[in-house]
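Colleague: Following this line is final_27.cif, made up of mmCIF, C-alpha atoms:
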```
data_input
loop_
_atom_site.label_atom_id
_atom_site.label_comp_id
_atom_site.auth_asym_id
_atom_site.auth_seq_id
_atom_site.Cartn_x
_atom_site.Cartn_y
_atom_site.Cartn_z
CA MET A 22 60.19 54.51 19.80
CA LYS A 23 62.27 53.92 22.94
CA ILE A 24 62.38 50.22 23.76
CA GLY A 25 63.90 48.61 26.84
CA ILE A 26 64.73 44.91 26.86
CA LEU A 27 64.50 43.28 30.29
CA GLY A 28 66.52 40.11 30.08
CA SER A 29 68.66 40.12 26.94
CA GLY A 30 68.82 36.39 26.22
CA ASN A 31 67.75 34.71 22.97
CA MET A 32 64.36 36.35 22.59
CA GLY A 33 65.39 39.70 24.00
CA SER A 34 68.54 40.13 21.96
CA SER A 35 66.90 38.94 18.70
CA LEU A 36 63.87 41.19 18.98
CA GLY A 37 65.86 44.18 20.24
CA LEU A 38 68.38 43.98 17.41
CA LEU A 39 65.56 43.76 14.84
CA TRP A 40 63.83 46.80 16.29
CA ALA A 41 67.13 48.71 16.31
CA GLU A 42 67.55 47.89 12.61
CA GLN A 43 64.14 49.48 12.02
CA GLY A 44 65.33 52.71 13.60
CA HIS A 45 63.97 52.28 17.13
CA GLU A 46 66.13 53.28 20.11
CA VAL A 47 66.88 50.12 22.05
CA PHE A 48 68.43 49.65 25.48
CA PHE A 49 69.45 46.08 26.35
CA GLY A 50 69.15 45.31 30.05
CA GLY A 51 70.80 42.43 31.84
CA ARG A 52 71.45 41.21 35.35
CA THR A 53 74.79 43.03 35.11
CA THR A 54 75.90 46.10 33.17
CA GLU A 55 78.43 43.96 31.28
CA LYS A 56 75.78 41.51 30.06
CA GLY A 57 73.54 44.25 28.70
CA ARG A 58 76.46 46.05 27.05
CA ALA A 59 77.71 42.87 25.40
CA VAL A 60 74.38 42.48 23.58
CA ALA A 61 74.28 46.16 22.60
CA ALA A 62 77.74 45.73 21.06
CA LEU A 63 76.26 43.21 18.58
CA ALA A 64 74.20 45.91 16.89
CA GLU A 65 75.42 47.79 13.86
CA GLN A 66 73.21 50.74 14.69
CA GLY A 67 73.68 52.66 17.93
CA THR A 68 72.06 50.88 20.83
CA GLN A 69 72.77 51.01 24.53
CA GLY A 70 73.21 48.34 27.17
CA GLY A 71 73.29 48.17 30.94
CA THR A 72 71.22 46.88 33.82
CA ASN A 73 67.55 45.87 33.79
CA ASP A 74 66.85 48.90 36.00
CA GLU A 75 68.35 51.19 33.37
CA ALA A 76 66.47 49.45 30.54
CA ALA A 77 63.20 49.84 32.46
CA ARG A 78 63.83 53.57 32.96
CA PHE A 79 64.82 54.05 29.32
CA GLY A 80 61.96 52.42 27.43
CA ASP A 81 58.42 53.56 26.76
CA VAL A 82 57.87 50.00 25.63
CA LEU A 83 59.55 47.19 27.59
CA LEU A 84 60.03 43.58 26.51
CA TYR A 85 59.85 41.35 29.58
CA THR A 86 61.54 38.03 28.78
CA ILE A 87 62.08 36.89 32.36
CA ARG A 88 59.61 34.03 32.70
CA GLY A 89 57.72 33.54 35.89
CA ILE A 90 59.71 36.04 37.94
CA ASN A 91 57.98 38.97 39.61
CA PRO A 92 59.37 42.30 38.34
CA ALA A 93 59.71 43.31 42.00
CA GLU A 94 62.52 40.73 42.24
CA VAL A 95 64.24 42.02 39.10
CA LEU A 96 64.00 45.78 39.55
CA THR A 97 65.01 48.04 42.43
CA SER A 98 61.55 49.57 42.25
CA VAL A 99 58.56 48.74 40.06
CA GLU A 100 57.40 52.39 40.24
CA VAL A 101 59.44 52.95 37.08
CA LEU A 102 56.96 50.76 35.14
CA SER A 103 53.97 53.02 35.74
CA GLY A 104 52.09 53.71 32.52
CA LYS A 105 54.63 51.84 30.42
CA ILE A 106 53.79 49.15 27.90
CA ILE A 107 55.21 45.77 28.92
CA ILE A 108 55.34 43.00 26.35
CA ASP A 109 55.12 39.52 27.88
CA CYS A 110 56.48 36.99 25.36
CA ASN A 111 56.76 34.11 27.79
CA ASN A 112 55.40 30.58 27.77
CA PHE A 113 54.91 27.93 30.39
CA GLU A 114 57.71 25.48 31.04
CA ILE A 115 57.29 22.30 29.03
CA PRO A 116 56.23 19.41 31.28
CA GLU A 117 57.25 15.82 30.68
CA GLY A 118 55.52 14.42 27.61
CA PHE A 119 54.03 17.86 26.83
CA ALA A 120 51.31 17.05 29.35
CA TYR A 121 50.48 20.69 30.00
CA ALA A 122 48.35 21.61 32.99
CA PRO A 123 45.04 23.32 32.14
CA ILE A 124 45.53 27.08 31.88
CA GLU A 125 43.68 28.57 34.84
CA LEU A 126 45.41 31.94 34.59
CA SER A 127 47.78 33.20 31.92
CA LEU A 128 51.33 34.26 32.63
CA ALA A 129 50.41 37.66 31.18
CA GLU A 130 47.51 38.16 33.59
CA LYS A 131 49.73 37.13 36.48
CA LEU A 132 52.36 39.66 35.38
CA ALA A 133 49.68 42.34 35.07
CA SER A 134 48.56 41.65 38.63
CA GLN A 135 52.17 42.15 39.79
CA VAL A 136 52.53 45.51 38.01
CA PRO A 137 49.00 46.97 38.07
CA ASN A 138 50.14 50.42 36.94
CA ALA A 139 51.79 49.14 33.76
CA ARG A 140 50.02 48.18 30.52
CA VAL A 141 50.79 44.51 29.90
CA VAL A 142 50.57 43.16 26.34
CA LYS A 143 50.85 39.49 25.38
CA ALA A 144 52.76 38.93 22.14
CA PHE A 145 55.59 37.00 20.46
CA ASN A 146 55.02 33.71 22.32
CA THR A 147 54.20 31.50 19.31
CA MET A 148 57.51 31.31 17.46
CA ALA A 149 61.02 30.15 18.20
CA GLN A 150 63.90 32.57 18.23
CA GLU A 151 65.24 31.09 14.98
CA VAL A 152 62.34 32.63 13.06
CA PHE A 153 63.75 36.08 13.83
CA GLU A 154 66.69 35.26 11.54
CA LEU A 155 64.23 35.66 8.66
CA ALA A 156 62.94 39.08 9.76
CA PRO A 157 61.96 41.43 8.25
CA SER A 158 62.45 39.83 4.84
CA PRO A 159 61.61 37.16 3.67
CA LEU A 160 59.50 36.76 6.83
CA LYS A 161 56.95 39.26 5.51
CA ASP A 162 56.12 36.95 2.59
CA TYR A 163 55.14 34.11 4.94
CA GLN A 164 52.49 36.12 6.83
CA VAL A 165 53.43 34.66 10.21
CA SER A 166 50.95 35.75 12.88
CA VAL A 167 51.86 37.52 16.09
CA PHE A 168 48.84 37.19 18.38
CA VAL A 169 48.43 40.32 20.51
CA CYS A 170 46.26 40.75 23.64
CA ALA A 171 45.98 43.73 25.99
CA ASP A 172 43.34 45.51 28.01
CA ASP A 173 44.70 48.89 26.88
CA ALA A 174 43.76 49.31 23.20
CA GLN A 175 46.48 51.86 22.48
CA ALA A 176 49.15 49.58 23.97
CA ARG A 177 47.82 46.72 21.86
CA GLN A 178 48.02 48.84 18.71
CA THR A 179 51.57 49.95 19.53
CA VAL A 180 52.78 46.37 19.90
CA MET A 181 50.93 45.29 16.76
CA LYS A 182 52.83 48.02 14.90
CA LEU A 183 56.14 46.81 16.41
CA ALA A 184 55.34 43.29 15.16
CA GLU A 185 54.56 44.57 11.66
CA ASP A 186 57.77 46.65 11.65
CA ILE A 187 59.85 43.48 11.64
CA GLY A 188 57.81 41.54 9.08
CA PHE A 189 55.16 39.73 11.12
CA THR A 190 51.40 39.92 10.58
CA ALA A 191 49.78 41.24 13.75
CA VAL A 192 46.50 39.70 14.90
CA ASP A 193 44.33 41.63 17.35
CA CYS A 194 43.21 39.15 20.03
CA GLY A 195 41.42 41.64 22.26
CA GLU A 196 41.61 41.74 26.03
CA LEU A 197 44.50 40.42 28.11
CA ARG A 198 42.20 37.68 29.43
CA HIS A 199 42.45 36.03 26.00
CA SER A 200 46.13 35.42 26.73
CA ARG A 201 44.86 32.12 28.13
CA LEU A 202 43.96 31.11 24.58
CA VAL A 203 47.15 32.61 23.12
CA GLU A 204 49.34 30.88 25.70
CA GLY A 205 47.54 27.68 24.73
CA LEU A 206 48.69 28.36 21.16
CA GLY A 207 52.20 28.78 22.57
CA ASN A 208 51.98 25.41 24.31
CA PHE A 209 50.76 23.83 21.08
CA ILE A 210 53.38 25.30 18.78
CA ARG A 211 56.18 24.37 21.16
CA PHE A 212 54.80 20.82 21.16
CA MET A 213 55.02 20.86 17.36
CA ILE A 214 58.45 22.54 17.23
CA ILE A 215 60.14 20.45 19.89
CA GLY A 216 58.05 17.31 20.22
CA GLN A 217 56.63 16.49 16.80
CA LEU A 218 58.40 18.18 13.89
CA GLN A 219 61.63 19.05 15.70
CA ASN A 220 61.97 22.10 13.49
CA PRO A 221 62.33 25.57 15.03
CA TYR A 222 61.04 27.25 11.88
CA THR A 223 57.55 25.86 12.54
CA THR A 224 55.12 28.76 12.85
CA LEU A 225 51.42 29.20 13.57
CA SER A 226 49.21 31.63 11.65
CA ILE A 227 45.66 32.52 10.94
CA ASP A 228 44.68 33.08 7.34
CA VAL A 229 41.39 34.53 6.14
CA LEU A 230 40.57 32.74 2.90
CA PRO A 231 38.68 34.50 0.12
CA ALA A 232 35.01 33.50 0.34
CA ALA A 233 33.80 31.00 -2.26
CA SER A 234 31.85 33.72 -4.07
CA GLU A 235 35.09 35.68 -4.55
CA GLN A 236 37.05 32.73 -5.92
CA ARG A 237 38.90 33.20 -9.18
CA LEU A 238 40.46 29.77 -9.13
CA GLY A 239 37.57 27.60 -10.21
CA GLY A 240 36.59 26.30 -6.79
CA ARG A 241 33.24 24.79 -5.92
CA GLN A 242 30.52 27.37 -5.49
CA PRO A 243 28.41 27.28 -2.33
CA MET B 9 36.52 3.69 2.07
CA LYS B 10 33.13 3.24 3.76
CA ILE B 11 32.25 6.30 5.81
CA GLY B 12 29.28 6.70 8.13
CA ILE B 13 28.14 10.15 9.21
CA LEU B 14 26.53 10.24 12.66
CA GLY B 15 24.53 13.44 12.78
CA SER B 16 24.19 14.91 9.30
CA GLY B 17 24.00 18.62 10.14
CA ASN B 18 26.33 21.31 8.79
CA MET B 19 29.64 19.60 9.48
CA GLY B 20 28.42 16.10 8.74
CA SER B 21 26.71 16.87 5.46
CA SER B 22 29.57 19.08 4.18
CA LEU B 23 32.31 16.57 4.95
CA GLY B 24 30.30 13.58 3.81
CA LEU B 25 29.44 15.16 0.45
CA LEU B 26 33.10 16.06 -0.12
CA TRP B 27 34.25 12.53 0.65
CA ALA B 28 31.57 11.14 -1.69
CA GLU B 29 32.89 13.41 -4.46
CA GLN B 30 36.29 11.82 -3.92
CA GLY B 31 34.85 8.38 -4.53
CA HIS B 32 34.29 7.22 -0.94
CA GLU B 33 31.08 5.38 -0.06
CA VAL B 34 29.15 7.56 2.35
CA PHE B 35 26.11 6.80 4.48
CA PHE B 36 24.42 9.80 6.10
CA GLY B 37 22.84 9.02 9.42
CA GLY B 38 20.21 11.09 11.18
CA ARG B 39 17.81 10.87 14.09
CA THR B 40 15.23 9.68 11.57
CA THR B 41 15.51 7.77 8.30
CA GLU B 42 14.01 10.75 6.45
CA LYS B 43 16.62 13.16 7.76
CA GLY B 44 19.53 10.97 6.69
CA ARG B 45 17.97 10.31 3.27
CA ALA B 46 17.36 14.01 2.65
CA VAL B 47 21.08 14.72 2.98
CA ALA B 48 22.04 11.75 0.81
CA ALA B 49 19.72 13.12 -1.89
CA LEU B 50 21.93 16.24 -2.11
CA ALA B 51 24.82 14.22 -3.53
CA GLU B 52 25.40 13.84 -7.24
CA GLN B 53 27.23 10.57 -6.70
CA GLY B 54 25.47 7.61 -5.15
CA THR B 55 25.30 7.90 -1.39
CA GLN B 56 22.91 6.40 1.12
CA GLY B 57 20.98 7.82 4.01
CA GLY B 58 19.09 6.49 7.01
CA THR B 59 19.35 6.30 10.76
CA ASN B 60 22.45 6.83 12.90
CA ASP B 61 22.33 3.12 13.75
CA GLU B 62 22.53 2.25 10.08
CA ALA B 63 25.35 4.74 9.45
CA ALA B 64 27.32 3.26 12.37
CA ARG B 65 26.91 -0.26 10.97
CA PHE B 66 27.86 0.87 7.46
CA GLY B 67 31.08 2.78 8.00
CA ASP B 68 34.60 1.61 8.73
CA VAL B 69 35.25 5.27 9.55
CA LEU B 70 32.55 7.22 11.38
CA LEU B 71 32.27 10.99 11.74
CA TYR B 72 30.71 11.78 15.11
CA THR B 73 29.27 15.29 15.00
CA ILE B 74 26.94 14.98 17.98
CA ARG B 75 28.63 17.17 20.57
CA GLY B 76 28.69 16.15 24.17
CA ILE B 77 26.25 13.28 23.83
CA ASN B 78 27.26 9.76 24.79
CA PRO B 79 27.01 7.37 21.80
CA ALA B 80 25.06 5.04 24.10
CA GLU B 81 22.23 7.60 23.97
CA VAL B 82 22.38 7.87 20.17
CA LEU B 83 22.76 4.23 19.15
CA THR B 84 20.72 1.14 20.00
CA SER B 85 23.99 -0.57 20.93
CA VAL B 86 27.56 0.74 20.97
CA GLU B 87 28.87 -2.77 20.22
CA VAL B 88 28.69 -1.80 16.54
CA LEU B 89 31.53 0.67 17.10
CA SER B 90 34.10 -1.96 18.10
CA GLY B 91 37.36 -1.50 16.23
CA LYS B 92 35.96 1.32 14.10
CA ILE B 93 37.62 4.67 13.60
CA ILE B 94 35.53 7.50 15.06
CA ILE B 95 36.38 11.08 14.11
CA ASP B 96 35.47 13.61 16.79
CA CYS B 97 35.23 17.06 15.17
CA ASN B 98 33.51 18.75 18.08
CA ASN B 99 34.31 21.82 20.12
CA PHE B 100 33.20 23.15 23.46
CA GLU B 101 30.20 25.43 23.58
CA ILE B 102 31.19 29.07 23.48
CA PRO B 103 30.73 30.69 26.89
CA GLU B 104 29.73 34.31 27.36
CA GLY B 105 32.58 36.62 26.36
CA PHE B 106 34.61 33.64 25.10
CA ALA B 107 35.68 33.08 28.70
CA TYR B 108 36.47 29.41 28.17
CA ALA B 109 36.99 27.16 31.16
CA PRO B 110 40.46 25.58 31.40
CA ILE B 111 40.55 22.31 29.47
CA GLU B 112 40.89 19.57 32.07
CA LEU B 113 39.87 16.79 29.71
CA SER B 114 39.24 16.96 25.99
CA LEU B 115 35.91 16.09 24.41
CA ALA B 116 37.77 13.48 22.36
CA GLU B 117 39.18 11.75 25.45
CA LYS B 118 35.75 11.77 27.05
CA LEU B 119 34.25 10.20 23.91
CA ALA B 120 37.03 7.59 23.90
CA SER B 121 36.20 6.67 27.49
CA GLN B 122 32.56 6.16 26.45
CA VAL B 123 33.46 3.84 23.56
CA PRO B 124 36.65 2.10 24.73
CA ASN B 125 36.56 -0.48 21.92
CA ALA B 126 36.54 2.14 19.15
CA ARG B 127 39.53 4.11 17.86
CA VAL B 128 38.78 7.79 18.45
CA VAL B 129 40.56 10.41 16.33
CA LYS B 130 40.38 14.17 16.90
CA ALA B 131 40.23 16.18 13.68
CA PHE B 132 38.37 18.91 11.76
CA ASN B 133 37.62 21.10 14.80
CA THR B 134 39.54 24.22 13.73
CA MET B 135 37.55 25.48 10.77
CA ALA B 136 34.02 26.64 10.11
CA GLN B 137 31.74 24.72 7.79
CA GLU B 138 31.98 27.52 5.18
CA VAL B 139 35.61 26.55 4.47
CA PHE B 140 34.38 23.26 3.03
CA GLU B 141 32.84 25.25 0.15
CA LEU B 142 36.41 25.74 -1.08
CA ALA B 143 37.37 22.05 -0.95
CA PRO B 144 39.20 20.41 -2.60
CA SER B 145 40.25 23.27 -4.87
CA PRO B 146 41.24 26.08 -4.32
CA LEU B 147 41.53 24.96 -0.67
CA LYS B 148 44.64 22.94 -1.46
CA ASP B 149 46.52 26.10 -2.42
CA TYR B 150 45.94 27.65 1.02
CA GLN B 151 47.54 24.79 2.96
CA VAL B 152 44.95 24.87 5.73
CA SER B 153 45.93 22.55 8.58
CA VAL B 154 43.78 19.76 9.95
CA PHE B 155 45.26 18.82 13.31
CA VAL B 156 44.92 15.08 13.94
CA CYS B 157 45.36 13.21 17.25
CA ALA B 158 44.77 9.53 18.03
CA ASP B 159 46.29 6.80 20.16
CA ASP B 160 46.01 4.34 17.28
CA ALA B 161 48.63 5.31 14.71
CA GLN B 162 46.88 3.58 11.82
CA ALA B 163 43.61 5.33 12.61
CA ARG B 164 45.49 8.64 12.74
CA GLN B 165 47.05 7.98 9.33
CA THR B 166 43.69 7.03 7.83
CA VAL B 167 42.08 10.28 8.96
CA MET B 168 45.09 12.32 7.82
CA LYS B 169 44.60 10.78 4.37
CA LEU B 170 40.88 11.63 4.44
CA ALA B 171 41.80 15.25 5.24
CA GLU B 172 44.33 15.38 2.38
CA ASP B 173 41.75 13.84 0.00
CA ILE B 174 39.61 16.96 0.25
CA GLY B 175 42.40 19.53 0.01
CA PHE B 176 43.55 20.07 3.59
CA THR B 177 47.09 19.71 4.91
CA ALA B 178 47.11 17.07 7.64
CA VAL B 179 49.24 17.67 10.73
CA ASP B 180 50.15 14.70 12.92
CA CYS B 181 49.59 15.77 16.53
CA GLY B 182 50.32 12.43 18.15
CA GLU B 183 48.34 10.85 20.96
CA LEU B 184 44.70 11.54 21.72
CA ARG B 185 45.76 13.28 24.94
CA HIS B 186 47.03 16.15 22.80
CA SER B 187 43.40 16.82 21.84
CA ARG B 188 43.49 19.13 24.86
CA LEU B 189 45.87 21.37 22.93
CA VAL B 190 43.96 20.93 19.66
CA GLU B 191 40.62 21.72 21.29
CA GLY B 192 42.33 24.83 22.68
CA LEU B 193 43.12 25.74 19.07
CA GLY B 194 39.42 25.18 18.32
CA ASN B 195 38.42 27.54 21.11
CA PHE B 196 40.87 30.13 19.82
CA ILE B 197 39.86 29.99 16.16
CA ARG B 198 36.18 30.19 17.05
CA PHE B 199 36.98 33.27 19.12
CA MET B 200 38.64 34.79 16.02
CA ILE B 201 35.90 33.68 13.61
CA ILE B 202 32.92 34.69 15.71
CA GLY B 203 34.25 37.20 18.23
CA GLN B 204 37.03 39.16 16.56
CA LEU B 205 37.08 38.97 12.77
CA GLN B 206 33.49 37.80 12.29
CA ASN B 207 34.58 35.94 9.17
CA PRO B 208 33.90 32.20 8.82
CA TYR B 209 36.73 31.79 6.31
CA THR B 210 39.30 32.41 9.06
CA THR B 211 41.58 29.38 9.31
CA LEU B 212 44.49 28.28 11.47
CA SER B 213 47.60 26.60 10.08
CA ILE B 214 51.13 25.70 10.90
CA ASP B 215 53.79 26.51 8.33
CA VAL B 216 57.37 25.32 8.41
CA LEU B 217 59.46 28.15 6.98
CA PRO B 218 62.63 27.45 5.02
CA ALA B 219 65.60 27.89 7.35
CA ALA B 220 67.65 31.04 6.93
CA SER B 221 70.51 29.09 5.38
CA GLU B 222 68.15 27.88 2.66
CA GLN B 223 66.80 31.33 1.84
CA ARG B 224 66.85 32.47 -1.75
CA LEU B 225 65.06 35.71 -1.08
CA GLY B 226 67.81 37.83 0.40
CA GLY B 227 66.87 37.51 4.05
CA ARG B 228 69.21 38.19 6.95
CA GLN B 229 71.62 35.34 7.54
CA PRO B 230 71.92 33.90 11.07
#
```
Could you quickly redo this structure as structure tokens?
Modeller:
Amino acid sequence: MKIGILGSGNMGSSLGLLWAEQGHEVFFGGRTTEKGRAVAALAEQGTQGGTNDEAARFGDVLLYTIRGINPAEVLTSVEVLSGKIIIDCNNFEIPEGFAYAPIELSLAEKLASQVPNARVVKAFNTMAQEVFELAPSPLKDYQVSVFVCADDAQARQTVMKLAEDIGFTAVDCGELRHSRLVEGLGNFIRFMIIGQLQNPYTTLSIDVLPAASEQRLGGRQP
Amino acid sequence: MKIGILGSGNMGSSLGLLWAEQGHEVFFGGRTTEKGRAVAALAEQGTQGGTNDEAARFGDVLLYTIRGINPAEVLTSVEVLSGKIIIDCNNFEIPEGFAYAPIELSLAEKLASQVPNARVVKAFNTMAQEVFELAPSPLKDYQVSVFVCADDAQARQTVMKLAEDIGFTAVDCGELRHSRLVEGLGNFIRFMIIGQLQNPYTTLSIDVLPAASEQRLGGRQP
């Protein structure tokens, strides 16, 4: 799969390098050609680097790591995004005392309204960049959830597959509107990571337990 | 510990019976004496049952399962609650299509404003009642989180201990204000349980992964 990274900072470079290791073609975009190329040079496998415009042209799937900035301000033309899958991995800025404002509208929905011809997918907003050091193994053993929302079901499935490729457990969270809930999870986990536990390896997951009637461990029966 | 259950429905009866099994003294309260006594009769160990007023008098820790109703409407006098620990396990009603309103104020904070002399603790709002069938074993093996918020640190510790007693992993979420985040988790997990996976054994947990430098499993090094 051809993946373009828009904004090759912590999240962008980590995810892009992991996808490249899994055999995907990755183009790292930056504000300048030099910045994108410097990240591409970190990869063992062949990747490319250049501007955000070039990354946007290159990818069928784009990772948009540039929080709160309209793509129209980043790209020469947003026409290039038409039909493409855009992963929004962003979270709200942390307010003083983690006193988050109520989520009226998700960042992902706002992004979708700015690029109505693209297929926006919310994902990868509930873990710190450090967790990617553990991907794909031993991460796979920990069953860390990546919560995925999108209005386009095929785009959602594609991103779920990209999450599984690098050792995460993908969780289908339905329509993009549910990004409000998933961004709430992002606010919560960042509160735990930064405010409470002060440990960047803190992750959030759902787990479906075996029903009591299926227990083999001697638990109470219903 | 003396525990009073206010409202002995699904959540109240399940939690109360588990605590009784662990040796706590439990009084099940209901709208009528008969209702409270009927639940108490389900226990193998000695428990008591009666009215909500009696349960409130009895317990040092009270479980308040009566969603969205002011204790002043449930009890003859709220004076009885002074200094007591009140666990709020409630969640918002599910709106059509899981289109939750933004959380301006948590249910727990609202309850605390109604009983300012009590010590309100948010907990047990991120799992379905079916999960209690697995407590305390094999639940303990699954490390299911109970997210606990309270302004009173001792009350928070007491409830964390009560969660651990029955096989959950307690997670300190700080001040009661953070119930807004934790009730957001409740909205999310109910969306997964009822809307997406349709499986009541779906649980939500945090997990702190071993850092890459501590890995013994051959993961990528940072």
Colleague: Where does the PyMOL selection byres ((chain A) within 7 of (chain B)) land in this file, that is, which residues does it pick, as a ChimeraX atom specification?
Modeller: /A:123-125,154-156,158-159,202,205-206,209,222-230,232-233,238,240-243
Colleague: For atom CA of A:Asn73 and atom CA of A:Val167, determine how far apart the two atoms are, in Å to one decimal place.
Modeller: 25.1 Å
Colleague: On this structure, which residues satisfy the PyMOL selection byres ((chain B and resi 114-119) around 9), written as a VMD selection string?
Modeller: chain B and resid 75 to 79 95 to 100 111 to 113 120 to 124 128 to 130 184 to 191
Colleague: On this file, the PyMOL selection byres ((chain B and resi 36) around 10) gives some set of residues; write that set as number ranges by chain.
Modeller: B: 11-17, 20-21, 24-25, 34-35, 37-38, 41, 43-49, 55-60, 62-64, 66-67, 71
Colleague: Considering all atoms listed in the file, state which residue in the set A:Glu65, A:Glu55, A:Glu196, A:Asp172 is at the smallest distance from A:Leu39.
Modeller: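 When distances to A:Leu39 are compared using all atoms listed in the file, the smallest one comes from A:Glu65.
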Colleague: Rounded to one decimal place, report the atom CA of A:Gly104-atom CA of A:Met32 distance in Å.
Modeller: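 Between atom CA of A:Gly104 and atom CA of A:Met32 the gap is 23.5 Å.
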Colleague: What is the distance between atom CA of B:Asp173 and atom CA of B:Gln53, in Å to one decimal?
Modeller: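 If I compute the distance from atom CA of B:Asp173 to atom CA of B:Gln53, I get 16.3 Å.
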Colleague: Would you compute the box with edges along x, y and z of the file around stretch 27-46 of chain A, including every atom the file lists for it and 4 Å extra on each side, and give its centre and edge lengths in Å to one decimal, as JSON?
Modeller:
```
{"center_x": 66.3, "center_y": 44.0, "center_z": 21.2, "size_x": 13.0, "size_y": 26.6, "size_z": 26.3}
```
Colleague: Which neighbours of A:Asn31 fall inside 10 Å, counting all atoms listed in the file, when residues of the same chain fewer than 5 positions from it are skipped, and could you give them as a ChimeraX atom specification?
Modeller: /A:36,86,149-151
